[in-house]
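**Q** Mind looking over this structure? Questions follow.
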Amino acid sequence: MKKPDDPLKSVISHAKSYGFIFPSSQIYEGISALYDYGPYGVILKNHLKTYWWEAMVGLRRNIVGLDASILMHPATWKASGHVDAFSDPLIDNKENGYRYRADILIEDFCEKLQQKIDRELEKARKRSGEGFDKDHFLITHPKIIGYQEQKKQILRRMVCSLEKEDLADVKDLIDELGITDPQTGSRNWTDVRQFNLMFQTRIGSLAEESSTLYMRPETAQGIFVNFPQVQKSARMKIPFGIAQIGKAFRNEIIARQFIFRMREFEQMEMQFFIPPGDEMQWYEYWKEVRMKWHLALGLGFENYRFHDHDKLAHYADAAADIEFRFPFGFKELEGIHSRTDFDLKNHQLCSGKKMQYFDSDKNESYVPYVIETSVGLDRLFLGVFSSCLCQETLEDGSARWVLKLPSCLAPVKAAILPLVKKDGLPEMAEKIFDEFKWKYALAYEEKESIGKRYRRQDAIGTPFCFTLDHASLEDQAVTARHRDSMRQERIPIARLSSFLEAETNMAKILKKSI
Ligand code: ATP
């Protein structure tokens, strides 16, 4: 099995050619970081949603679902901190309008200092050979001490200026360090400005000053504002969770890497409400449970890792990412945050409504603490799609593209293929199709050679092809071809349903996932 040479390029082109993902509004040249899911893409995405929903809501008694509106009262985003804090410091090149995150330009400068340190170390290691004492060298070599000190001072000044919102000083720092546009080498910078990532829209009927609404940048706040209603109506006892799948919108500056970073995307989030003081225990619990859920997909243990955050979001007291090995390296797939009582407390303050819970076991009321698990559906799609796509060379020297999706996620579970378009085979095949279409997503193909039909089903990830030949008329059986091994076996038509049930049922993976 071979992974393609430029994996991301192959993924994008395969997704487009086979109806999984298209660039949005392509007849108008597309629009950056927006994508549409095609006929097979939408089914795969729905299966991923089902996998998450069943594991988080369907199979648990202590988590319930919600579907909150995308547009919310603007006060929500003031209370959540997104109006004031959900922004990036930006700087533009005056000559061509190229836009950059100012903090990332400075961090990249420091990374270059680190590379100088690493080069000095390497030279010294080569000079000294076996007995090289790295720790001693790091604290005694004047050049290295200089670089380290410079790096420390730069980062300290940047963090301090950002915290004080002294953007003029961030610009001064960029000028003093002589940082140039990485693409053009120019230093013709604008001032640094904060750029809020939330999209705005207007609502007609409200008064002028409050008519600006935001497209939600995360689904979580819909859960927080509904906390008291859900808790009371569903009679939930803490600890319990509320889960939601829905669209979120961010005006991302660096929108690239296909559906990894989009401006409109879908999140699958769960907020778990707990007594104050229990947060670390539940944080560790959810880290483990969520990793288990990912691993159950069978994409390989080595493709996942945790990354604990040093720099925490404004609402969190602990945070970790589950990272996945995307075609461009390990990157965040899911975030797990201990959000304290930050959100509920602020909503209580801003709305004047109680966000407390009466704990009958403790005989006291409190604002619950929250552990959040938040996975991007599109990133999950990209991870699954890219790691399952491979190119194989067959015995006759020809190549096939095959999408080795877990069977329960495959958009089409089986293709019904009459070997020839005559002698009663199409009629027999259609009869099988009509009998099983109620339970399984099937394809029916009678055109082209059987080899070409297999190739097409391989490319969209169909785990089984059932071919009818002349013998089928006699023995009432089909040849079942397995997608990954290409193994063929004869199966009686009377056994097809139990075969598909055993092979494609999601319960098999779900059992391993929780
Ligand atoms: P990043 O650091 O990559 O920008 P984040 O830390 O801002 O992500 P969260 O706010 O924790 O992300 O959102 C939870 C999840 O939502 C992420 O783990 C990711 O899977 C998904 N997500 C966030 N931003 C985007 C985006 N622009 N496009 C697609 N998915 C996204």
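As shown in the structure tokens, the chain order sets the letters A, B, ...; within each chain, residues go from 1, and ligands are also counted from 1 in the order they appear.
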Residues contacting ligand 1 - anything with an atom at most 10 Å away, using only C-alpha atoms and all ligand atoms - can you give me those as a short mmCIF file (atom, residue, chain, number, x, y, z; two decimals) with all heavy atoms, in the first residue's frame?
**A**
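This went into result-v6.cif:
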```cif
data_model
loop_
_atom_site.label_atom_id
_atom_site.label_comp_id
_atom_site.auth_asym_id
_atom_site.auth_seq_id
_atom_site.Cartn_x
_atom_site.Cartn_y
_atom_site.Cartn_z
N ALA A 33 -11.78 29.26 2.02
CA ALA A 33 -12.10 28.58 3.29
C ALA A 33 -13.57 28.26 3.48
O ALA A 33 -14.05 28.13 4.61
CB ALA A 33 -11.58 29.39 4.47
N LEU A 34 -14.31 28.14 2.38
CA LEU A 34 -15.70 27.67 2.46
C LEU A 34 -15.85 26.50 1.49
O LEU A 34 -15.36 26.56 0.36
CB LEU A 34 -16.67 28.80 2.09
CG LEU A 34 -16.69 29.97 3.07
CD1 LEU A 34 -17.45 31.15 2.50
CD2 LEU A 34 -17.29 29.55 4.40
N PHE A 86 -12.07 37.60 21.86
CA PHE A 86 -11.93 36.62 20.77
C PHE A 86 -11.35 37.32 19.54
O PHE A 86 -12.00 37.52 18.53
CB PHE A 86 -13.30 36.01 20.46
CG PHE A 86 -13.23 34.78 19.61
CD1 PHE A 86 -12.56 33.65 20.05
CD2 PHE A 86 -13.85 34.73 18.39
CE1 PHE A 86 -12.50 32.51 19.27
CE2 PHE A 86 -13.80 33.58 17.60
CZ PHE A 86 -13.13 32.48 18.06
N LEU A 197 -12.69 37.87 15.55
CA LEU A 197 -12.93 36.77 14.60
C LEU A 197 -14.41 36.48 14.36
O LEU A 197 -14.75 35.62 13.57
CB LEU A 197 -12.25 35.49 15.10
CG LEU A 197 -10.74 35.53 15.25
CD1 LEU A 197 -10.20 34.17 15.68
CD2 LEU A 197 -10.07 35.92 13.94
N PRO A 217 -19.43 31.85 17.21
CA PRO A 217 -18.10 31.31 16.90
C PRO A 217 -17.86 29.96 17.58
O PRO A 217 -16.84 29.32 17.35
CB PRO A 217 -17.16 32.36 17.49
CG PRO A 217 -17.93 32.96 18.61
CD PRO A 217 -19.38 32.88 18.26
N GLU A 218 -18.78 29.55 18.46
CA GLU A 218 -18.71 28.22 19.07
C GLU A 218 -20.14 27.84 19.46
O GLU A 218 -20.97 28.72 19.69
CB GLU A 218 -17.81 28.22 20.32
CG GLU A 218 -18.28 29.17 21.41
CD GLU A 218 -17.46 29.09 22.70
OE1 GLU A 218 -16.29 28.69 22.64
OE2 GLU A 218 -18.02 29.43 23.75
N THR A 219 -20.41 26.55 19.51
CA THR A 219 -21.78 26.14 19.84
C THR A 219 -22.01 26.15 21.35
O THR A 219 -23.15 26.14 21.81
CB THR A 219 -22.07 24.72 19.28
OG1 THR A 219 -21.08 23.83 19.75
CG2 THR A 219 -22.08 24.72 17.77
N ALA A 220 -20.92 26.20 22.11
CA ALA A 220 -21.00 26.04 23.56
C ALA A 220 -21.97 27.01 24.24
O ALA A 220 -22.70 26.62 25.16
CB ALA A 220 -19.61 26.22 24.16
N LYS A 247 -23.35 24.33 13.45
CA LYS A 247 -22.41 25.19 12.71
C LYS A 247 -21.83 26.26 13.63
O LYS A 247 -22.51 26.78 14.52
CB LYS A 247 -23.15 25.88 11.57
CG LYS A 247 -23.53 24.91 10.46
CD LYS A 247 -22.62 25.05 9.26
CE LYS A 247 -23.01 24.05 8.21
NZ LYS A 247 -22.42 24.26 6.92
N ALA A 248 -20.57 26.61 13.35
CA ALA A 248 -19.93 27.75 14.02
C ALA A 248 -19.20 28.53 12.93
O ALA A 248 -18.88 27.98 11.86
CB ALA A 248 -18.96 27.25 15.08
N PHE A 249 -18.94 29.79 13.20
CA PHE A 249 -18.39 30.68 12.17
C PHE A 249 -17.22 31.47 12.75
O PHE A 249 -17.36 32.07 13.82
CB PHE A 249 -19.47 31.67 11.69
CG PHE A 249 -20.70 30.97 11.16
CD1 PHE A 249 -21.67 30.50 12.03
CD2 PHE A 249 -20.86 30.77 9.80
CE1 PHE A 249 -22.79 29.83 11.56
CE2 PHE A 249 -21.97 30.09 9.32
CZ PHE A 249 -22.95 29.63 10.20
N ARG A 250 -16.11 31.47 12.05
CA ARG A 250 -14.97 32.29 12.49
C ARG A 250 -14.33 32.93 11.28
O ARG A 250 -14.02 32.23 10.30
CB ARG A 250 -13.92 31.43 13.23
CG ARG A 250 -14.45 30.87 14.51
CD ARG A 250 -13.39 30.08 15.26
NE ARG A 250 -14.02 29.41 16.38
CZ ARG A 250 -13.42 28.59 17.22
NH1 ARG A 250 -12.14 28.32 17.06
NH2 ARG A 250 -14.06 28.03 18.22
N ASN A 251 -14.09 34.23 11.37
CA ASN A 251 -13.46 34.93 10.26
C ASN A 251 -11.95 34.73 10.34
O ASN A 251 -11.21 35.66 10.63
CB ASN A 251 -13.84 36.41 10.33
CG ASN A 251 -13.69 37.09 8.99
OD1 ASN A 251 -13.23 36.46 8.03
ND2 ASN A 251 -14.04 38.34 8.92
N GLU A 252 -11.53 33.49 10.12
CA GLU A 252 -10.12 33.12 10.30
C GLU A 252 -9.22 33.92 9.36
O GLU A 252 -9.57 34.16 8.21
CB GLU A 252 -9.93 31.63 10.00
CG GLU A 252 -10.72 30.68 10.90
CD GLU A 252 -10.05 30.43 12.22
OE1 GLU A 252 -9.02 31.07 12.50
OE2 GLU A 252 -10.57 29.60 12.99
N ILE A 253 -8.05 34.32 9.86
CA ILE A 253 -7.12 35.09 9.04
C ILE A 253 -6.32 34.17 8.14
O ILE A 253 -6.19 34.38 6.96
CB ILE A 253 -6.12 35.87 9.94
CG1 ILE A 253 -6.88 36.70 10.95
CG2 ILE A 253 -5.20 36.74 9.11
CD1 ILE A 253 -7.98 37.51 10.36
N ILE A 254 -5.78 33.12 8.79
CA ILE A 254 -4.99 32.20 7.99
C ILE A 254 -5.88 31.01 7.69
O ILE A 254 -5.93 30.04 8.45
CB ILE A 254 -3.72 31.74 8.75
CG1 ILE A 254 -3.07 32.94 9.42
CG2 ILE A 254 -2.75 31.04 7.84
CD1 ILE A 254 -2.14 32.57 10.53
N ALA A 255 -6.65 31.12 6.61
CA ALA A 255 -7.57 30.04 6.27
C ALA A 255 -6.90 29.20 5.19
O ALA A 255 -6.74 29.65 4.07
CB ALA A 255 -8.87 30.61 5.78
N ARG A 256 -6.45 28.02 5.55
CA ARG A 256 -5.80 27.16 4.56
C ARG A 256 -5.86 25.72 5.01
O ARG A 256 -6.51 25.42 5.99
CB ARG A 256 -4.37 27.62 4.31
CG ARG A 256 -3.54 27.68 5.56
CD ARG A 256 -2.09 27.89 5.26
NE ARG A 256 -1.37 27.75 6.50
CZ ARG A 256 -0.51 28.62 6.96
NH1 ARG A 256 -0.22 29.71 6.29
NH2 ARG A 256 0.11 28.41 8.11
N GLN A 257 -5.20 24.85 4.27
CA GLN A 257 -5.19 23.43 4.58
C GLN A 257 -6.57 22.82 4.45
O GLN A 257 -7.05 22.12 5.34
CB GLN A 257 -4.56 23.17 5.95
CG GLN A 257 -3.08 23.52 5.93
CD GLN A 257 -2.46 23.63 7.29
OE1 GLN A 257 -3.10 24.04 8.24
NE2 GLN A 257 -1.20 23.29 7.38
N PHE A 258 -7.24 23.18 3.34
CA PHE A 258 -8.51 22.54 2.95
C PHE A 258 -9.54 22.71 4.06
O PHE A 258 -9.68 23.82 4.58
CB PHE A 258 -8.19 21.08 2.63
CG PHE A 258 -9.24 20.33 1.88
CD1 PHE A 258 -10.06 20.96 0.95
CD2 PHE A 258 -9.44 18.97 2.09
CE1 PHE A 258 -11.03 20.25 0.25
CE2 PHE A 258 -10.40 18.25 1.40
CZ PHE A 258 -11.20 18.90 0.49
N ILE A 259 -10.24 21.63 4.46
CA ILE A 259 -11.30 21.82 5.45
C ILE A 259 -10.76 21.81 6.88
O ILE A 259 -11.54 21.79 7.83
CB ILE A 259 -12.41 20.76 5.30
CG1 ILE A 259 -11.82 19.34 5.35
CG2 ILE A 259 -13.18 20.96 3.99
CD1 ILE A 259 -12.86 18.24 5.45
N PHE A 260 -9.43 21.87 7.05
CA PHE A 260 -8.88 21.92 8.41
C PHE A 260 -9.26 23.23 9.10
O PHE A 260 -9.63 23.26 10.27
CB PHE A 260 -7.35 21.78 8.38
CG PHE A 260 -6.74 21.83 9.75
CD1 PHE A 260 -6.73 20.69 10.55
CD2 PHE A 260 -6.21 23.01 10.26
CE1 PHE A 260 -6.20 20.74 11.82
CE2 PHE A 260 -5.68 23.06 11.53
CZ PHE A 260 -5.66 21.91 12.32
N ARG A 261 -9.15 24.34 8.38
CA ARG A 261 -9.50 25.65 8.97
C ARG A 261 -10.46 26.35 8.02
O ARG A 261 -10.07 26.86 6.98
CB ARG A 261 -8.24 26.49 9.19
CG ARG A 261 -8.48 27.69 10.07
CD ARG A 261 -7.22 28.42 10.40
NE ARG A 261 -6.27 27.63 11.17
CZ ARG A 261 -6.40 27.35 12.47
NH1 ARG A 261 -7.42 27.81 13.14
NH2 ARG A 261 -5.49 26.62 13.09
N MET A 262 -11.73 26.33 8.41
CA MET A 262 -12.75 26.93 7.55
C MET A 262 -13.35 28.15 8.24
O MET A 262 -13.17 28.36 9.43
CB MET A 262 -13.87 25.91 7.31
CG MET A 262 -13.42 24.68 6.57
SD MET A 262 -14.52 23.31 6.91
CE MET A 262 -15.75 23.57 5.66
N ARG A 263 -14.09 28.93 7.46
CA ARG A 263 -14.78 30.08 8.07
C ARG A 263 -16.18 29.68 8.53
O ARG A 263 -16.75 30.32 9.39
CB ARG A 263 -14.81 31.24 7.08
CG ARG A 263 -13.39 31.72 6.76
CD ARG A 263 -13.35 33.16 6.27
NE ARG A 263 -11.99 33.65 6.35
CZ ARG A 263 -11.14 33.76 5.32
NH1 ARG A 263 -11.52 33.40 4.11
NH2 ARG A 263 -9.93 34.22 5.50
N GLU A 264 -16.73 28.65 7.94
CA GLU A 264 -18.00 28.08 8.41
C GLU A 264 -17.74 26.61 8.61
O GLU A 264 -17.34 25.92 7.67
CB GLU A 264 -19.09 28.30 7.34
CG GLU A 264 -20.39 27.63 7.66
CD GLU A 264 -21.45 27.84 6.59
OE1 GLU A 264 -21.34 28.79 5.78
OE2 GLU A 264 -22.38 27.03 6.54
N PHE A 265 -17.92 26.12 9.83
CA PHE A 265 -17.61 24.72 10.09
C PHE A 265 -18.58 24.17 11.12
O PHE A 265 -19.43 24.89 11.64
CB PHE A 265 -16.15 24.58 10.56
CG PHE A 265 -15.81 25.38 11.80
CD1 PHE A 265 -15.75 24.77 13.05
CD2 PHE A 265 -15.56 26.74 11.73
CE1 PHE A 265 -15.44 25.50 14.19
CE2 PHE A 265 -15.25 27.48 12.87
CZ PHE A 265 -15.19 26.87 14.09
N GLU A 266 -18.45 22.88 11.40
CA GLU A 266 -19.37 22.26 12.35
C GLU A 266 -18.62 21.74 13.56
O GLU A 266 -17.55 21.15 13.42
CB GLU A 266 -20.14 21.12 11.68
CG GLU A 266 -21.61 21.41 11.57
CD GLU A 266 -22.35 20.41 10.72
OE1 GLU A 266 -21.95 20.21 9.56
OE2 GLU A 266 -23.31 19.84 11.19
N GLN A 267 -19.21 21.96 14.72
CA GLN A 267 -18.60 21.46 15.95
C GLN A 267 -19.51 20.42 16.60
O GLN A 267 -20.74 20.51 16.47
CB GLN A 267 -18.41 22.60 16.95
CG GLN A 267 -17.31 23.57 16.56
CD GLN A 267 -17.09 24.62 17.62
OE1 GLN A 267 -18.05 25.19 18.13
NE2 GLN A 267 -15.84 24.89 17.95
N MET A 268 -18.91 19.48 17.29
CA MET A 268 -19.67 18.53 18.11
C MET A 268 -19.16 18.75 19.53
O MET A 268 -18.03 18.38 19.85
CB MET A 268 -19.43 17.11 17.63
CG MET A 268 -19.76 16.95 16.13
SD MET A 268 -19.88 15.27 15.54
CE MET A 268 -18.18 14.75 15.54
N GLU A 269 -19.99 19.41 20.32
CA GLU A 269 -19.52 19.84 21.65
C GLU A 269 -20.39 19.24 22.75
O GLU A 269 -21.59 19.06 22.59
CB GLU A 269 -19.57 21.37 21.77
CG GLU A 269 -18.60 22.06 20.84
CD GLU A 269 -18.29 23.49 21.27
OE1 GLU A 269 -19.24 24.25 21.57
OE2 GLU A 269 -17.11 23.85 21.29
N HIS A 309 -2.00 22.42 26.89
CA HIS A 309 -1.80 23.85 26.57
C HIS A 309 -0.98 24.56 27.64
O HIS A 309 -1.20 24.35 28.82
CB HIS A 309 -3.15 24.57 26.53
CG HIS A 309 -3.94 24.28 25.30
ND1 HIS A 309 -4.83 25.16 24.77
CD2 HIS A 309 -3.95 23.20 24.48
CE1 HIS A 309 -5.38 24.63 23.69
NE2 HIS A 309 -4.86 23.44 23.50
N LEU A 312 -3.47 29.43 28.05
CA LEU A 312 -4.87 29.03 28.18
C LEU A 312 -5.82 30.09 27.64
O LEU A 312 -5.54 31.29 27.72
CB LEU A 312 -5.19 28.76 29.65
CG LEU A 312 -4.47 27.56 30.27
CD1 LEU A 312 -4.66 27.53 31.77
CD2 LEU A 312 -4.95 26.26 29.65
N ALA A 313 -6.96 29.63 27.10
CA ALA A 313 -8.00 30.57 26.64
C ALA A 313 -8.54 31.31 27.86
O ALA A 313 -8.37 30.85 29.00
CB ALA A 313 -9.10 29.80 25.95
N ALA A 319 -6.36 22.78 29.84
CA ALA A 319 -6.81 22.47 28.48
C ALA A 319 -5.81 21.56 27.80
O ALA A 319 -4.60 21.68 28.01
CB ALA A 319 -6.97 23.74 27.66
N ALA A 320 -6.35 20.65 27.01
CA ALA A 320 -5.48 19.75 26.21
C ALA A 320 -6.15 19.54 24.87
O ALA A 320 -7.38 19.61 24.75
CB ALA A 320 -5.32 18.42 26.92
N ASP A 321 -5.33 19.31 23.87
CA ASP A 321 -5.86 18.95 22.55
C ASP A 321 -5.59 17.47 22.31
O ASP A 321 -4.57 16.95 22.74
CB ASP A 321 -5.12 19.71 21.43
CG ASP A 321 -5.33 21.20 21.53
OD1 ASP A 321 -6.35 21.61 22.10
OD2 ASP A 321 -4.46 21.95 21.03
N ILE A 322 -6.52 16.85 21.60
CA ILE A 322 -6.19 15.56 21.00
C ILE A 322 -5.73 15.91 19.60
O ILE A 322 -6.48 16.50 18.82
CB ILE A 322 -7.40 14.62 20.97
CG1 ILE A 322 -7.79 14.24 22.39
CG2 ILE A 322 -7.08 13.37 20.14
CD1 ILE A 322 -9.00 13.33 22.51
N GLU A 323 -4.47 15.60 19.30
CA GLU A 323 -3.93 15.93 17.98
C GLU A 323 -3.95 14.68 17.11
O GLU A 323 -3.78 13.56 17.60
CB GLU A 323 -2.50 16.45 18.11
CG GLU A 323 -2.44 17.79 18.80
CD GLU A 323 -1.04 18.42 18.77
OE1 GLU A 323 -0.05 17.68 18.61
OE2 GLU A 323 -0.95 19.64 18.91
N LYS A 331 -1.83 17.95 14.24
CA LYS A 331 -2.55 19.21 14.51
C LYS A 331 -3.79 18.90 15.34
O LYS A 331 -4.29 17.78 15.35
CB LYS A 331 -3.00 19.84 13.18
CG LYS A 331 -1.89 20.44 12.34
CD LYS A 331 -1.74 21.90 12.70
CE LYS A 331 -0.58 22.64 12.20
NZ LYS A 331 0.47 22.23 11.45
N GLU A 332 -4.32 19.95 15.96
CA GLU A 332 -5.49 19.78 16.84
C GLU A 332 -6.71 19.23 16.10
O GLU A 332 -7.11 19.75 15.07
CB GLU A 332 -5.86 21.14 17.47
CG GLU A 332 -7.16 21.07 18.24
CD GLU A 332 -7.53 22.37 18.94
OE1 GLU A 332 -6.68 23.27 19.05
OE2 GLU A 332 -8.69 22.47 19.37
N LEU A 333 -7.28 18.20 16.71
CA LEU A 333 -8.52 17.62 16.20
C LEU A 333 -9.66 17.92 17.17
O LEU A 333 -10.77 18.26 16.78
CB LEU A 333 -8.33 16.10 16.04
CG LEU A 333 -9.53 15.23 15.77
CD1 LEU A 333 -10.20 15.64 14.46
CD2 LEU A 333 -9.12 13.77 15.66
N GLU A 334 -9.36 17.80 18.45
CA GLU A 334 -10.40 18.02 19.48
C GLU A 334 -9.78 18.76 20.65
O GLU A 334 -8.62 18.53 20.99
CB GLU A 334 -10.93 16.65 19.94
CG GLU A 334 -11.78 16.72 21.21
CD GLU A 334 -12.80 15.60 21.32
OE1 GLU A 334 -12.80 14.69 20.47
OE2 GLU A 334 -13.61 15.64 22.27
N GLY A 335 -10.58 19.64 21.26
CA GLY A 335 -10.11 20.35 22.44
C GLY A 335 -10.88 19.88 23.67
O GLY A 335 -12.10 19.68 23.61
N ILE A 336 -10.17 19.68 24.78
CA ILE A 336 -10.84 19.34 26.05
C ILE A 336 -10.45 20.42 27.04
O ILE A 336 -9.26 20.66 27.27
CB ILE A 336 -10.42 17.93 26.53
CG1 ILE A 336 -10.96 16.91 25.51
CG2 ILE A 336 -11.01 17.62 27.90
CD1 ILE A 336 -10.08 15.78 25.27
N HIS A 337 -11.47 21.12 27.55
CA HIS A 337 -11.19 22.27 28.40
C HIS A 337 -11.88 22.14 29.73
O HIS A 337 -13.03 21.70 29.79
CB HIS A 337 -11.72 23.56 27.75
CG HIS A 337 -11.13 23.85 26.41
ND1 HIS A 337 -11.83 23.77 25.24
CD2 HIS A 337 -9.87 24.22 26.07
CE1 HIS A 337 -11.05 24.08 24.23
NE2 HIS A 337 -9.85 24.35 24.69
N GLU A 372 -15.51 20.71 29.07
CA GLU A 372 -15.99 20.73 27.69
C GLU A 372 -15.18 19.79 26.82
O GLU A 372 -13.95 19.75 26.92
CB GLU A 372 -15.84 22.16 27.14
CG GLU A 372 -16.01 22.24 25.63
CD GLU A 372 -15.76 23.64 25.09
OE1 GLU A 372 -14.57 24.02 24.95
OE2 GLU A 372 -16.74 24.35 24.87
N THR A 373 -15.87 19.05 25.96
CA THR A 373 -15.17 18.33 24.89
C THR A 373 -15.69 18.90 23.57
O THR A 373 -16.90 19.02 23.40
CB THR A 373 -15.40 16.81 24.94
OG1 THR A 373 -16.74 16.52 24.53
CG2 THR A 373 -15.17 16.23 26.33
N SER A 374 -14.80 19.28 22.69
CA SER A 374 -15.22 19.95 21.46
C SER A 374 -14.41 19.45 20.27
O SER A 374 -13.21 19.69 20.18
CB SER A 374 -15.01 21.46 21.64
OG SER A 374 -15.28 22.12 20.44
N VAL A 375 -15.09 18.76 19.39
CA VAL A 375 -14.38 18.22 18.22
C VAL A 375 -14.97 18.83 16.96
O VAL A 375 -16.18 18.99 16.84
CB VAL A 375 -14.42 16.66 18.21
CG1 VAL A 375 -15.82 16.11 18.24
CG2 VAL A 375 -13.68 16.10 16.99
N GLY A 376 -14.09 19.21 16.03
CA GLY A 376 -14.54 19.77 14.77
C GLY A 376 -14.93 18.63 13.83
O GLY A 376 -14.12 17.75 13.56
N LEU A 377 -16.18 18.67 13.38
CA LEU A 377 -16.67 17.59 12.50
C LEU A 377 -15.89 17.56 11.18
O LEU A 377 -15.55 16.50 10.67
CB LEU A 377 -18.17 17.80 12.26
CG LEU A 377 -18.88 16.85 11.32
CD1 LEU A 377 -18.71 15.39 11.72
CD2 LEU A 377 -20.37 17.19 11.26
N ASP A 378 -15.59 18.74 10.65
CA ASP A 378 -14.88 18.80 9.37
C ASP A 378 -13.45 18.29 9.52
O ASP A 378 -12.92 17.62 8.64
CB ASP A 378 -14.90 20.23 8.83
CG ASP A 378 -16.29 20.81 8.91
OD1 ASP A 378 -17.06 20.65 7.95
OD2 ASP A 378 -16.64 21.40 9.96
N ARG A 379 -12.82 18.64 10.66
CA ARG A 379 -11.46 18.13 10.89
C ARG A 379 -11.47 16.62 11.07
O ARG A 379 -10.56 15.93 10.61
CB ARG A 379 -10.85 18.78 12.14
CG ARG A 379 -10.37 20.16 11.85
CD ARG A 379 -9.50 20.70 12.95
NE ARG A 379 -9.37 22.13 12.76
CZ ARG A 379 -8.74 22.95 13.57
NH1 ARG A 379 -8.16 22.47 14.64
NH2 ARG A 379 -8.67 24.23 13.30
N LEU A 380 -12.52 16.12 11.72
CA LEU A 380 -12.64 14.67 11.89
C LEU A 380 -12.80 14.03 10.51
O LEU A 380 -12.18 13.00 10.20
CB LEU A 380 -13.86 14.37 12.77
CG LEU A 380 -14.14 12.91 13.05
CD1 LEU A 380 -13.03 12.29 13.88
CD2 LEU A 380 -15.47 12.75 13.78
N LEU A 382 -11.73 15.20 7.67
CA LEU A 382 -10.45 15.26 6.97
C LEU A 382 -9.50 14.17 7.48
O LEU A 382 -8.81 13.51 6.70
CB LEU A 382 -9.82 16.65 7.13
CG LEU A 382 -8.45 16.85 6.48
CD1 LEU A 382 -8.52 16.62 4.97
CD2 LEU A 382 -7.91 18.26 6.76
#
```
**Q** Give the strand (DSSP E) residues of range 162-270 of chain A, as DSSP finds them on the backbone, and put them as a CSV table (one decimal) with C-alpha atoms, in the first residue's frame.
**A**
```
chain,number,residue,atom,x,y,z
A,193,ARG,CA,-4.9,46.3,15.2
A,194,GLN,CA,-7.1,43.8,17.1
A,195,PHE,CA,-9.3,41.9,14.7
A,196,ASN,CA,-12.3,40.2,16.2
A,200,GLN,CA,-21.5,40.2,12.3
A,201,THR,CA,-24.9,40.5,10.8
A,202,ARG,CA,-27.9,42.8,11.5
A,212,THR,CA,-25.8,43.9,15.5
A,213,LEU,CA,-25.8,40.1,15.9
A,214,TYR,CA,-22.9,37.7,15.8
A,240,PHE,CA,-24.6,15.5,33.7
A,241,GLY,CA,-23.8,16.8,30.2
A,242,ILE,CA,-25.5,18.6,27.4
A,243,ALA,CA,-24.4,17.8,23.8
A,244,GLN,CA,-24.9,19.6,20.6
A,245,ILE,CA,-23.8,19.4,16.9
A,246,GLY,CA,-24.0,22.6,14.9
A,247,LYS,CA,-22.4,25.2,12.7
A,248,ALA,CA,-19.9,27.7,14.0
A,249,PHE,CA,-18.4,30.7,12.2
A,264,GLU,CA,-18.0,28.1,8.4
A,265,PHE,CA,-17.6,24.7,10.1
A,266,GLU,CA,-19.4,22.3,12.3
A,267,GLN,CA,-18.6,21.5,16.0
A,268,MET,CA,-19.7,18.5,18.1
A,269,GLU,CA,-19.5,19.8,21.6
A,270,MET,CA,-20.5,18.5,25.0
```
**Q** If you run DSSP on this backbone, which residues of range 72-149 of chain A come out as helix (DSSP H, G or I), and could you give them as a PyMOL selection string?
**A** chain A and resi 75-79+82-85+102-131+134-140+142-149
**Q** Compile the contact shell of Ile106 in chain A as a PyMOL selection string: residues with an atom at most 7 Å away, counting only C-alpha atoms, same-chain residues fewer than 4 positions apart removed.
**A** chain A and resi 102+110+174
**Q** Can I get the selection written as a CSV table (one decimal), in the first residue's frame, with N, CA and C atoms?
**A**
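Dumped everything to out-v5.csv:
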```csv
chain,number,residue,atom,x,y,z
A,102,ALA,N,0.4,39.5,14.2
A,102,ALA,CA,1.6,40.1,14.7
A,102,ALA,C,2.4,39.2,15.7
A,110,CYS,N,11.6,34.6,17.1
A,110,CYS,CA,12.2,33.9,18.2
A,110,CYS,C,12.6,32.5,17.8
A,174,ILE,N,8.1,44.9,16.5
A,174,ILE,CA,8.3,44.4,15.1
A,174,ILE,C,9.4,45.3,14.3
```
**Q** Do you have the CA of Gln281 in chain A-CA of Lys353 in chain A distance handy?
**A**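 Between CA of Gln281 in chain A and CA of Lys353 in chain A the gap is 28.9 Å.
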**Q** To one decimal place, how far is CA of Lys447 in chain A from CA of Lys45 in chain A in Å?
**A** 28.3 Å
**Q** Extract, using only C-alpha atoms, all DNA, RNA and protein residues at most 8 Å from range 168-171 of chain A, discarding same-chain residues fewer than 6 positions from it, and format them as a list in words.
**A**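 Skipping anything fewer than 6 positions along the chain leaves Ala102, Met158, Ser161, Leu162, Asp191 and Val192 of chain A.
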**Q** Export C-alpha atoms of the chosen residues as a short mmCIF file (atom, residue, chain, number, x, y, z; two decimals), in the first residue's frame?
**A**
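Dumped everything to selection-v9.cif:
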```cif
data_model
loop_
_atom_site.label_atom_id
_atom_site.label_comp_id
_atom_site.auth_asym_id
_atom_site.auth_seq_id
_atom_site.Cartn_x
_atom_site.Cartn_y
_atom_site.Cartn_z
CA ALA A 102 1.63 40.12 14.73
CA MET A 158 5.27 40.80 23.64
CA SER A 161 2.20 44.43 25.66
CA LEU A 162 -0.60 42.13 24.48
CA ASP A 191 -0.06 49.68 12.76
CA VAL A 192 -1.12 46.60 14.71
#
```
**Q** Need the shell around Asn303 in chain A: protein/DNA/RNA residues with any atom at most 9 Å away, counting only C-alpha atoms. Skip same-chain ones fewer than 6 positions apart. Format as JSON, numbers by chain?
**A** {"A": [323, 324, 325, 326, 330]}
